[in-house]
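These notes concern the structure reproduced below.
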Amino acid sequence: MAAVAVTVTGVAAVNATETSTTVAAPQIKSKNRKTSSAAAGAVLPCPGARTALTYYRAAYARHRAAQRLPGPVPFVRYDCPSTQRRAIEWRDRATIERLVAEGWRDFHFDWSEWLPRTWYIVGRCETGYGGAPRFTHQNGSFVSAFGISRREYNRDAAHMGAPPWPSYAEQARGVPLPTPREQLLAAIGHYRRFGDGWTCPGPAGSGAASYGIETRYP
C-alpha cells in the first residue's frame, strides 16, 4: 500500500472563553514551527481544551473500534497546560488512527479489489447463486461466502491464524462475523487441509490456494 502523506488541519473552531463551558466544535493550535509567533503563543482556555481532549479521545476510540480493537483507558483531569498539550497529542493520534482504520477497512472488506477470480467463482456458486459472494452467509450446516461446513470452519480458520465463526449466541452479544479477508483465509485453510472438496467448481489447480491476488474479480 502506498504511503499517505497527512496534513492535520483540525476540525471546526473552538467557541469558548475562560468563563464559558459551551464549545461548538474543538480545534487545537498545531505545534508547527512555521506558525507565526502570535499563533504559536495562542492557547485554548481550559473549557475548550478539555472539550477538545474528550472529542479527540472519542474519535480515536471510534477508529479503533472500527478495527475491532480496544480504545484508550479512562483518563484523569489534568491542569490547564497539561490538558492543552494532551489535546494536541490526542488530535494527532486520532488523525493517524483514522488513516489506519481506512487502510484496515480496505484490506479486509474491499474484496472486489483483491479477491482472486477463482475464489470469486467458488463464492458466487456456493452462496451468491450466480451473483456476488455473500459474506454474511450462514445456516445450520454451512457458513461464510465459500460455503464451508460449520463443523470444520473454525479448524480451517485456525489453520491460517484467522478468527473462528461466532455462534448465534455470540453474535447476539455483539461478536462480529469474520471479515471477507478472514473468510478467504479460512477457505484457503480448508483447501490445504482437504484439497478441493467443493461441490461447486473449486480452486484446485487454479493457483488460488497460494493466496495470490494477481487474478482479480470478476
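A note on labels: chains of the C-alpha cells are A, B, ... as shown, every chain counts residues from 1, and ligands are counted from 1 in their shown order.
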Residues near range 144-151 of chain A, anyone? I mean within 6 Å using only C-alpha atoms, not counting same-chain ones fewer than 4 positions away, as a ChimeraX atom specification. /A:123,126-127,133-135,137
Could you pull the residues within 7 Å of range 182-186 of chain A, counting only C-alpha atoms, minus those fewer than 4 positions along the same chain, as an NGL selection string? :A and (144 or 153 or 156-157 or 160 or 162 or 178 or 190)
How about saving the chosen residues, N, CA and C atoms kept, as a PDB file, in the first residue's frame?
ATOM      1  N   SER A 144     -19.973 -18.773   5.847  1.00  0.00           N
ATOM      2  CA  SER A 144     -19.022 -17.985   5.061  1.00  0.00           C
ATOM      3  C   SER A 144     -19.446 -17.917   3.607  1.00  0.00           C
ATOM      4  N   TYR A 153     -15.245 -25.140   9.862  1.00  0.00           N
ATOM      5  CA  TYR A 153     -14.778 -23.770   9.606  1.00  0.00           C
ATOM      6  C   TYR A 153     -13.750 -23.297  10.624  1.00  0.00           C
ATOM      7  N   ASP A 156     -10.433 -24.791  10.055  1.00  0.00           N
ATOM      8  CA  ASP A 156      -9.830 -24.217   8.843  1.00  0.00           C
ATOM      9  C   ASP A 156      -9.264 -22.836   9.130  1.00  0.00           C
ATOM     10  N   ALA A 157     -10.026 -22.039   9.859  1.00  0.00           N
ATOM     11  CA  ALA A 157      -9.575 -20.684  10.185  1.00  0.00           C
ATOM     12  C   ALA A 157      -8.340 -20.722  11.079  1.00  0.00           C
ATOM     13  N   MET A 160      -5.009 -21.144   9.486  1.00  0.00           N
ATOM     14  CA  MET A 160      -4.428 -19.966   8.829  1.00  0.00           C
ATOM     15  C   MET A 160      -4.286 -18.779   9.783  1.00  0.00           C
ATOM     16  N   ALA A 162      -6.717 -17.309  11.444  1.00  0.00           N
ATOM     17  CA  ALA A 162      -7.876 -16.428  11.343  1.00  0.00           C
ATOM     18  C   ALA A 162      -8.840 -16.708  12.495  1.00  0.00           C
ATOM     19  N   PRO A 178     -16.516 -12.935  10.818  1.00  0.00           N
ATOM     20  CA  PRO A 178     -15.206 -12.730  10.200  1.00  0.00           C
ATOM     21  C   PRO A 178     -15.310 -11.834   8.969  1.00  0.00           C
ATOM     22  N   HIS A 190      -9.127 -24.545   4.489  1.00  0.00           N
ATOM     23  CA  HIS A 190      -9.927 -25.727   4.139  1.00  0.00           C
ATOM     24  C   HIS A 190      -9.299 -26.455   2.957  1.00  0.00           C
TER      25      HIS A 190
END
Between CA of Leu69 in chain A and CA of His108 in chain A, measure the distance and give it in Å to one decimal.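 Between CA of Leu69 in chain A and CA of His108 in chain A the gap is 14.3 Å.
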As an exercise, work out the distance from CA of Cys46 in chain A to CA of Ser82 in chain A in Å and give it to one decimal place.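 Taking CA of Cys46 in chain A as the start and CA of Ser82 in chain A as the end point, the length is 10.0 Å.
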Near-Trp104 in chain A list (12 Å; only C-alpha atoms; drop same-chain fewer than 4 positions) as JSON, numbers by chain: {"A": [1, 63, 64, 65, 66, 67, 68, 69, 97, 98, 99, 100, 108, 109, 110, 179, 180, 181]}
Can those selected residues be exported to a file as a tab-separated table (two decimals), in the first residue's frame so that it contains N, CA and C atoms?
chain	number	residue	atom	x	y	z
A	1	MET	N	0.85	-1.19	0.00
A	1	MET	CA	0.00	0.00	0.00
A	1	MET	C	0.88	1.24	0.00
A	63	HIS	N	-12.26	5.02	15.85
A	63	HIS	CA	-11.45	4.43	14.78
A	63	HIS	C	-10.85	3.10	15.22
A	64	ARG	N	-10.52	2.99	16.48
A	64	ARG	CA	-10.02	1.70	17.00
A	64	ARG	C	-11.12	0.65	16.98
A	65	ALA	N	-12.32	1.04	17.37
A	65	ALA	CA	-13.44	0.10	17.39
A	65	ALA	C	-13.76	-0.39	15.98
A	66	ALA	N	-13.57	0.46	14.96
A	66	ALA	CA	-13.81	0.05	13.58
A	66	ALA	C	-12.86	-1.07	13.17
A	67	GLN	N	-11.71	-1.16	13.84
A	67	GLN	CA	-10.75	-2.23	13.56
A	67	GLN	C	-10.88	-3.38	14.56
A	68	ARG	N	-11.93	-3.32	15.38
A	68	ARG	CA	-12.19	-4.35	16.39
A	68	ARG	C	-11.07	-4.40	17.42
A	69	LEU	N	-10.61	-3.22	17.80
A	69	LEU	CA	-9.56	-3.07	18.79
A	69	LEU	C	-10.07	-2.27	19.97
A	97	GLU	N	-4.95	7.32	13.56
A	97	GLU	CA	-5.78	6.12	13.70
A	97	GLU	C	-6.87	6.08	12.64
A	98	ARG	N	-7.36	7.25	12.23
A	98	ARG	CA	-8.37	7.27	11.16
A	98	ARG	C	-7.79	6.73	9.86
A	99	LEU	N	-6.58	7.11	9.53
A	99	LEU	CA	-5.93	6.60	8.32
A	99	LEU	C	-5.66	5.11	8.41
A	100	VAL	N	-5.24	4.66	9.59
A	100	VAL	CA	-5.02	3.24	9.80
A	100	VAL	C	-6.32	2.46	9.63
A	108	HIS	N	-9.58	-5.51	4.54
A	108	HIS	CA	-10.46	-6.60	4.97
A	108	HIS	C	-11.79	-6.67	4.22
A	109	PHE	N	-12.31	-5.53	3.77
A	109	PHE	CA	-13.67	-5.53	3.23
A	109	PHE	C	-13.78	-5.19	1.75
A	110	ASP	N	-12.79	-4.56	1.17
A	110	ASP	CA	-12.88	-4.18	-0.25
A	110	ASP	C	-12.48	-5.35	-1.13
A	179	THR	N	-14.30	-11.05	8.73
A	179	THR	CA	-14.28	-10.18	7.56
A	179	THR	C	-14.12	-11.01	6.29
A	180	PRO	N	-14.40	-10.43	5.12
A	180	PRO	CA	-14.16	-11.16	3.87
A	180	PRO	C	-12.73	-11.69	3.76
A	181	ARG	N	-11.74	-10.90	4.17
A	181	ARG	CA	-10.35	-11.37	4.11
A	181	ARG	C	-10.16	-12.58	5.02
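Residues of range 64-199 of chain A assigned to strand (DSSP E or B) by DSSP on this structure's backbone: Pro116, Gln138, Phe142, Val143, Ile148 and Ser149 of chain A.
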Would you pick out the contacts of Thr83 in chain A at 10 Å or less, using only C-alpha atoms, so that residues sharing its chain but fewer than 2 positions from it are not included, and give the list as an MDAnalysis selection string? chainID A and resid 44:53 77:81 85:89
Give the answer as one residue: which of A:Ser167, A:Gly128, A:Arg193, A:Ile121 has the shortest atom-to-atom distance to Gly140 in chain A, using only C-alpha atoms?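 Result for the nearest residue to Gly140 in chain A: A:Ser167.
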